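Content type mmCIF, C-alpha atoms, from the file structure_36.cif:
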```cif
data_input
loop_
_atom_site.label_atom_id
_atom_site.label_comp_id
_atom_site.auth_asym_id
_atom_site.auth_seq_id
_atom_site.Cartn_x
_atom_site.Cartn_y
_atom_site.Cartn_z
CA MET F 1 -0.07 -11.55 8.66
CA ILE F 2 -3.82 -11.98 8.24
CA SER F 3 -4.85 -15.49 7.13
CA ALA F 4 -8.33 -16.68 6.21
CA ARG F 5 -9.19 -20.29 5.49
CA GLY F 6 -12.64 -21.24 4.23
CA LEU F 7 -14.09 -18.16 5.94
CA THR F 8 -17.87 -18.14 5.67
CA LYS F 9 -20.58 -15.97 7.22
CA ARG F 10 -24.34 -16.41 6.85
CA TYR F 11 -27.08 -14.18 8.19
CA GLY F 12 -30.13 -16.41 8.11
CA ASP F 13 -30.54 -17.52 4.50
CA LYS F 14 -28.22 -14.83 3.16
CA ILE F 15 -24.58 -15.71 2.53
CA ALA F 16 -22.44 -12.63 3.20
CA VAL F 17 -19.08 -14.28 2.45
CA GLU F 18 -18.36 -17.85 1.41
CA SER F 19 -15.22 -19.97 1.57
CA LEU F 20 -12.75 -17.08 1.59
CA THR F 21 -9.13 -18.20 1.61
CA PHE F 22 -6.39 -15.59 1.42
CA ASP F 23 -3.27 -14.20 3.08
CA VAL F 24 -2.49 -10.53 3.65
CA LYS F 25 1.28 -10.54 3.96
CA PRO F 26 3.59 -8.15 5.82
CA GLY F 27 5.73 -5.63 3.99
CA VAL F 28 3.21 -4.82 1.27
CA VAL F 29 0.08 -2.66 1.01
CA THR F 30 -2.91 -4.81 0.09
CA GLY F 31 -6.03 -3.19 -1.34
CA PHE F 32 -9.38 -4.81 -0.57
CA LEU F 33 -11.81 -4.08 -3.41
CA GLY F 34 -15.31 -5.04 -4.38
CA PRO F 35 -18.70 -3.65 -5.41
CA ASN F 36 -21.18 -2.49 -2.78
CA GLY F 37 -22.60 -5.48 -0.92
CA ALA F 38 -19.72 -7.74 -1.97
CA GLY F 39 -18.74 -8.66 1.61
CA LYS F 40 -15.80 -6.35 2.35
CA SER F 41 -17.20 -4.91 5.58
CA THR F 42 -18.30 -8.34 6.79
CA THR F 43 -14.81 -9.73 6.16
CA MET F 44 -13.16 -6.92 8.10
CA ARG F 45 -15.58 -7.41 10.99
CA LEU F 46 -14.76 -11.14 11.02
CA ILE F 47 -11.04 -10.39 11.14
CA LEU F 48 -11.58 -8.09 14.13
CA GLY F 49 -13.80 -10.54 16.00
CA LEU F 50 -16.85 -8.25 15.75
CA ASP F 51 -18.75 -11.08 14.10
CA ALA F 52 -18.25 -14.83 14.48
CA PRO F 53 -17.80 -16.92 11.33
CA THR F 54 -20.37 -19.54 10.42
CA ALA F 55 -17.55 -21.73 9.14
CA GLY F 56 -13.83 -21.48 8.54
CA SER F 57 -11.35 -19.30 10.38
CA VAL F 58 -9.37 -16.10 10.21
CA THR F 59 -6.25 -15.33 12.24
CA VAL F 60 -3.94 -12.39 12.88
CA ASN F 61 -0.33 -13.49 13.23
CA GLY F 62 -1.51 -17.04 13.88
CA ARG F 63 -4.21 -16.28 16.46
CA ALA F 64 -7.91 -15.50 16.36
CA TYR F 65 -8.51 -11.88 17.35
CA ARG F 66 -10.32 -12.91 20.54
CA ASP F 67 -7.21 -14.82 21.65
CA LEU F 68 -4.79 -11.91 21.28
CA PRO F 69 -3.51 -10.88 24.72
CA ALA F 70 -3.31 -7.16 23.80
CA PRO F 71 -5.46 -6.69 20.67
CA ILE F 72 -4.87 -2.97 20.10
CA GLN F 73 -1.13 -3.59 20.19
CA GLU F 74 -1.50 -6.36 17.61
CA VAL F 75 -4.11 -4.90 15.24
CA GLY F 76 -4.97 -1.25 14.61
CA ALA F 77 -8.18 -0.57 12.70
CA LEU F 78 -10.17 2.32 11.29
CA LEU F 79 -13.65 1.15 10.31
CA ASP F 80 -15.83 4.17 11.14
CA ALA F 81 -14.15 7.49 11.86
CA GLY F 82 -17.40 8.93 13.24
CA ALA F 83 -17.80 6.29 15.96
CA VAL F 84 -16.30 8.45 18.74
CA GLN F 85 -17.57 10.39 21.74
CA ARG F 86 -18.04 13.86 20.23
CA GLY F 87 -17.91 15.69 23.55
CA ARG F 88 -14.28 14.76 24.23
CA SER F 89 -11.21 16.42 22.84
CA ALA F 90 -8.90 14.49 20.53
CA ARG F 91 -6.32 14.18 23.31
CA GLN F 92 -8.94 12.98 25.82
CA HIS F 93 -10.19 10.37 23.39
CA LEU F 94 -6.72 8.98 22.73
CA ARG F 95 -5.77 9.04 26.42
CA TRP F 96 -8.93 7.11 27.27
CA VAL F 97 -8.07 4.45 24.65
CA ALA F 98 -4.44 4.33 25.82
CA GLN F 99 -5.33 3.92 29.50
CA ALA F 100 -7.94 1.26 28.73
CA SER F 101 -5.38 -0.68 26.69
CA GLY F 102 -2.30 -0.37 28.89
CA ILE F 103 -0.47 1.90 26.44
CA PRO F 104 1.88 4.58 27.85
CA VAL F 105 0.16 7.99 27.78
CA ARG F 106 3.22 9.56 26.11
CA ARG F 107 2.23 7.68 22.97
CA VAL F 108 -0.81 9.98 22.64
CA ASP F 109 1.28 13.04 21.76
CA GLU F 110 3.39 10.98 19.38
CA VAL F 111 0.42 9.89 17.27
CA LEU F 112 -1.23 13.34 17.42
CA ASP F 113 1.95 14.76 15.93
CA LEU F 114 2.19 11.95 13.39
CA VAL F 115 -1.30 12.62 11.99
CA GLY F 116 -1.04 16.40 12.15
CA LEU F 117 -3.58 17.03 14.92
CA SER F 118 -1.31 18.46 17.62
CA ASP F 119 -2.61 22.01 17.10
CA VAL F 120 -6.25 20.94 17.57
CA ALA F 121 -5.68 18.28 20.24
CA GLU F 122 -7.76 20.20 22.83
CA LYS F 123 -10.69 20.91 20.52
CA ARG F 124 -13.95 18.98 20.90
CA ILE F 125 -14.23 16.17 18.39
CA GLY F 126 -17.74 17.39 17.60
CA THR F 127 -16.21 20.42 15.86
CA PHE F 128 -13.97 18.30 13.60
CA SER F 129 -14.37 18.09 9.83
CA LEU F 130 -14.59 14.67 8.18
CA GLY F 131 -10.93 14.88 7.23
CA MET F 132 -9.94 15.63 10.83
CA LEU F 133 -12.08 12.72 12.04
CA GLN F 134 -10.27 10.46 9.59
CA ARG F 135 -6.91 11.60 10.93
CA LEU F 136 -8.09 10.95 14.49
CA GLY F 137 -9.23 7.46 13.48
CA ILE F 138 -5.84 6.80 11.92
CA ALA F 139 -4.16 8.05 15.11
CA THR F 140 -6.29 5.64 17.15
CA ALA F 141 -5.32 2.74 14.88
CA LEU F 142 -1.64 3.62 15.30
CA LEU F 143 -1.82 4.16 19.06
CA GLY F 144 -0.68 0.66 20.03
CA ASP F 145 2.10 0.66 17.38
CA PRO F 146 0.64 -2.58 15.97
CA PRO F 147 2.24 -4.78 13.31
CA VAL F 148 -1.12 -5.18 11.52
CA LEU F 149 -3.23 -2.25 10.31
CA MET F 150 -6.67 -2.20 8.65
CA PHE F 151 -8.32 0.86 7.14
CA ASP F 152 -11.81 1.14 5.65
CA GLU F 153 -12.16 4.11 3.22
CA PRO F 154 -9.36 6.00 5.01
CA VAL F 155 -9.06 8.92 2.58
CA ASN F 156 -12.73 9.94 2.67
CA GLY F 157 -12.81 13.63 3.52
CA LEU F 158 -9.07 14.15 3.15
CA ASP F 159 -7.91 16.97 0.89
CA PRO F 160 -5.21 16.33 -1.77
CA GLU F 161 -2.44 17.12 0.72
CA GLY F 162 -4.01 14.74 3.22
CA ILE F 163 -4.31 11.97 0.64
CA ALA F 164 -0.64 12.36 -0.29
CA TRP F 165 0.26 12.30 3.41
CA PHE F 166 -1.70 9.09 3.99
CA ARG F 167 -0.19 7.46 0.92
CA ASN F 168 3.33 8.18 2.16
CA LEU F 169 2.43 7.06 5.69
CA VAL F 170 1.17 3.61 4.72
CA LYS F 171 4.06 3.02 2.32
CA ARG F 172 6.46 3.84 5.15
CA LEU F 173 4.59 1.54 7.54
CA ALA F 174 4.68 -1.30 5.00
CA ALA F 175 8.41 -0.72 4.47
CA GLU F 176 8.81 -1.29 8.21
CA GLY F 177 7.39 -4.79 7.68
CA ARG F 178 3.83 -4.19 8.83
CA THR F 179 0.76 -5.85 7.36
CA ILE F 180 -1.52 -3.25 5.72
CA LEU F 181 -5.08 -3.92 4.46
CA ILE F 182 -7.01 -1.02 2.93
CA SER F 183 -10.60 -1.15 1.69
CA SER F 184 -11.58 1.59 -0.74
CA HIS F 185 -13.80 2.44 -3.70
CA LEU F 186 -11.23 4.90 -5.08
CA MET F 187 -9.53 2.88 -7.80
CA SER F 188 -7.16 5.66 -8.84
CA GLU F 189 -5.90 5.97 -5.28
CA MET F 190 -5.57 2.20 -4.87
CA GLN F 191 -3.48 2.09 -8.03
CA GLU F 192 -1.13 4.63 -6.44
CA ILE F 193 -0.95 3.11 -2.97
CA ALA F 194 -1.42 -0.67 -3.16
CA ASP F 195 1.08 -3.34 -4.15
CA ARG F 196 -1.49 -6.14 -4.31
CA VAL F 197 -5.27 -6.35 -4.38
CA LEU F 198 -7.87 -8.77 -3.10
CA VAL F 199 -11.08 -8.42 -5.10
CA ILE F 200 -14.31 -9.81 -3.70
CA GLY F 201 -17.62 -10.21 -5.53
CA ARG F 202 -20.87 -11.65 -4.17
CA GLY F 203 -19.01 -12.95 -1.13
CA ARG F 204 -16.24 -14.78 -2.98
CA ILE F 205 -12.64 -13.91 -3.81
CA ILE F 206 -12.42 -13.33 -7.56
CA ALA F 207 -8.85 -11.99 -7.73
CA ASP F 208 -5.75 -12.08 -5.54
CA ALA F 209 -2.86 -10.59 -7.45
CA SER F 210 -0.45 -7.73 -7.86
CA ILE F 211 -1.95 -4.72 -9.61
CA ASP F 212 0.30 -5.23 -12.64
CA ASP F 213 -0.74 -8.88 -12.96
CA LEU F 214 -4.43 -8.06 -12.54
CA VAL F 215 -4.32 -5.40 -15.25
CA ARG F 216 -2.42 -7.73 -17.56
CA GLN F 217 -4.81 -10.66 -16.96
CA THR F 218 -7.89 -8.54 -17.72
CA GLY F 219 -6.87 -7.05 -21.00
CA GLY F 220 -3.42 -5.72 -20.37
CA ASP F 221 -1.84 -2.68 -21.86
CA ALA F 222 -2.55 -1.23 -25.28
CA VAL F 223 -0.73 0.88 -27.83
CA ARG F 224 -2.15 4.13 -29.19
CA VAL F 225 -1.52 4.57 -32.90
CA VAL F 226 -2.12 7.82 -34.78
CA SER F 227 -1.69 7.76 -38.56
CA PRO F 228 -3.16 9.60 -41.56
CA ARG F 229 -3.61 6.12 -43.05
CA ALA F 230 -5.22 4.53 -40.00
CA ALA F 231 -7.93 2.83 -42.06
CA ASP F 232 -5.29 1.18 -44.29
CA PHE F 233 -3.28 0.07 -41.25
CA VAL F 234 -6.16 -1.76 -39.52
CA PRO F 235 -6.22 -4.87 -41.77
CA ILE F 236 -2.42 -5.07 -41.68
CA LEU F 237 -2.45 -5.07 -37.86
CA GLU F 238 -5.28 -7.62 -37.69
CA ALA F 239 -3.47 -9.92 -40.12
CA ALA F 240 -0.53 -9.85 -37.69
CA GLY F 241 -2.82 -11.05 -34.88
CA ALA F 242 -3.59 -7.71 -33.23
CA SER F 243 -6.94 -6.54 -31.93
CA VAL F 244 -7.74 -3.03 -33.07
CA MET F 245 -10.28 -0.63 -31.62
CA PRO F 246 -10.81 2.68 -33.50
CA GLU F 247 -11.19 5.65 -31.14
CA GLN F 248 -13.48 8.65 -31.70
CA ASP F 249 -10.50 10.95 -32.35
CA GLY F 250 -9.36 8.77 -35.25
CA SER F 251 -6.58 7.01 -33.38
CA LEU F 252 -6.32 3.23 -33.01
CA LEU F 253 -6.07 1.31 -29.73
CA VAL F 254 -4.08 -1.84 -30.45
CA THR F 255 -3.64 -4.90 -28.21
CA GLY F 256 -2.11 -8.32 -28.70
CA ILE F 257 1.09 -7.13 -30.38
CA GLU F 258 4.25 -5.45 -29.11
CA ILE F 259 4.83 -1.75 -29.77
CA ALA F 260 8.11 -2.48 -31.61
CA ASP F 261 6.29 -4.90 -33.94
CA ILE F 262 3.67 -2.24 -34.73
CA GLY F 263 6.41 0.18 -35.71
CA ALA F 264 8.10 -2.46 -37.87
CA LEU F 265 4.81 -3.28 -39.65
CA ALA F 266 4.22 0.40 -40.37
CA ALA F 267 7.71 0.80 -41.82
CA ARG F 268 7.38 -2.34 -43.94
CA HIS F 269 4.09 -1.19 -45.47
CA GLY F 270 4.98 2.46 -45.83
CA ILE F 271 2.47 3.63 -43.21
CA THR F 272 3.31 7.05 -41.79
CA LEU F 273 2.93 7.23 -38.02
CA HIS F 274 2.29 10.45 -36.12
CA GLU F 275 2.15 8.74 -32.74
CA LEU F 276 3.02 5.34 -31.34
CA SER F 277 2.67 5.33 -27.56
CA PRO F 278 1.94 2.78 -24.83
CA ARG F 279 -1.34 3.13 -22.97
CA ARG F 280 -1.41 1.35 -19.65
CA ALA F 281 -4.79 -0.01 -18.64
CA SER F 282 -6.04 1.32 -15.32
CA LEU F 283 -6.97 -0.59 -12.19
CA GLU F 284 -10.48 0.79 -12.57
CA GLU F 285 -10.81 -0.77 -16.02
CA ALA F 286 -9.53 -4.10 -14.71
CA PHE F 287 -11.86 -3.90 -11.70
CA MET F 288 -14.90 -3.18 -13.87
CA ALA F 289 -14.03 -6.08 -16.15
CA ILE F 290 -13.74 -8.72 -13.43
CA THR F 291 -16.66 -7.53 -11.26
CA ARG F 292 -19.20 -6.92 -14.02
CA SER F 293 -21.16 -10.05 -13.11
CA SER F 294 -20.78 -9.43 -9.37
CA VAL F 295 -22.46 -6.03 -9.08
CA GLU F 296 -25.54 -6.36 -6.89
CA TYR F 297 -27.20 -3.08 -7.84
CA GLN F 298 -27.16 -2.09 -11.51
CA ALA F 299 -28.90 0.85 -13.11
CA LYS F 300 -31.19 -0.07 -15.97
CA ARG F 301 -31.64 2.05 -19.04
CA SER F 302 -35.02 3.64 -19.45
CA ARG F 303 -36.64 3.33 -22.87
CA SER F 304 -36.23 7.07 -23.49
CA THR F 305 -32.51 6.88 -22.66
CA ALA F 306 -32.05 3.93 -25.01
CA VAL F 307 -33.85 5.78 -27.82
CA ALA F 308 -31.72 8.89 -27.24
CA ILE F 309 -28.51 6.85 -27.34
CA ALA F 310 -29.64 5.06 -30.50
CA GLY F 311 -30.37 8.44 -32.09
CA ARG F 312 -26.90 9.72 -31.24
CA GLU F 313 -25.31 6.56 -32.63
CA GLU F 314 -27.29 6.96 -35.85
CA ARG F 315 -26.08 10.53 -36.23
CA ILE F 316 -22.46 9.49 -35.54
CA ASP F 317 -22.65 6.63 -38.04
CA GLY F 318 -24.20 8.93 -40.64
#
```

Could you take the file, read its structure, and then write that structure out as structure tokens?
Amino acid sequence: MISARGLTKRYGDKIAVESLTFDVKPGVVTGFLGPNGAGKSTTMRLILGLDAPTAGSVTVNGRAYRDLPAPIQEVGALLDAGAVQRGRSARQHLRWVAQASGIPVRRVDEVLDLVGLSDVAEKRIGTFSLGMLQRLGIATALLGDPPVLMFDEPVNGLDPEGIAWFRNLVKRLAAEGRTILISSHLMSEMQEIADRVLVIGRGRIIADASIDDLVRQTGGDAVRVVSPRAADFVPILEAAGASVMPEQDGSLLVTGIEIADIGALAARHGITLHELSPRRASLEEAFMAITRSSVEYQAKRSRSTAVAIAGREERIDG
């Protein structure tokens, strides 16, 4: 387990992370999300002892990283897949890491096979694609067979088959009882792979929840309603306490009321329904909602863009 208590890091006058308190528990895949500059990389470096905290603490299975007797056999990490000696082969690289860490050399072939690099094990790393580098980084993280694993943007450069492979791999590792922390900007992939998410914004934890709970807390699911009498149905739904958002295709997006109650209201008032279907909110929508005030770099509309948008809106309204 990874545990942080009051974890704080300052660089001069700049606060990178402040008073972080969280647990990354074994047996589940935890996603680590946040806008650029939110403090994700700093937090991961603090966990791995690459930076020292200004205040607070972070431990891996009850110990600070620097106090672990065999770190690579306790924590496996992929932070930068390109940070390798490009002149070596994949096998040479892994053997060097194994020998430096007291890991049996036979483990090298095991992880090469696990990540699908056995056929290119003798090739120079400098000839590898980004996806192959990612697989090599994953192999390095797994080399010590550690109970805790950390990955930063692990699917960058992987093709769809590689992404599916990684997804299945981490789910299997979590099922074995390992602690898994994954940082990524790919919300759709996090929704597929993670059980829980930690969301950080401007150096502070702003959410620590299961994906289902996070989505529910930030707007929840909606119901899509299609009816030839949609305009007549809106006031009926609103009188029942629902929030209704008309969509451009003429359908209604309804929240705040159960799907069965919508159907019952329609039947009671003689409203014909062509569609009544649940629409689950996405992790991306939830993420955007809770981090809106935490984005450090925001694009601003130019005056010409604003005028163009206003013109389009006028035409739509007309």

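As for CA of Gly116 (chain F) and CA of Ala194 (chain F), they are spaced 22.9 Å apart.
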
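For the residues F:Arg229, F:Arg204, F:Arg10, F:Arg86, ranking by smallest atom-to-atom distance to Gly250 (chain F) using all atoms listed in the file places F:Arg229 first.
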
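Of note, CA of Asn36 (chain F) and CA of Leu186 (chain F) are spaced 12.6 Å apart.
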
Among listed residues F:Leu158, F:Glu247, F:Gly126, F:Ala90, nearest Ala139 (chain F) (using all atoms listed in the file): F:Ala90

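When all atoms listed in the file are used to compute distances to Pro104 (chain F), the closest of the residues F:Ser118, F:Gln73, F:Gln134, F:Ser184 turns out to be F:Gln73.
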
Selection: 6 Å around Met1 (chain F), all atoms listed in the file, excl. self and same-chain fewer than 4 positions, as a PyMOL selection string: chain F and resi 24-26+60-61+179

Proximity to Glu258 (chain F) - best of F:Asp232, F:Glu74, F:Asp221, F:Asp23, all atoms listed in the file: F:Asp221
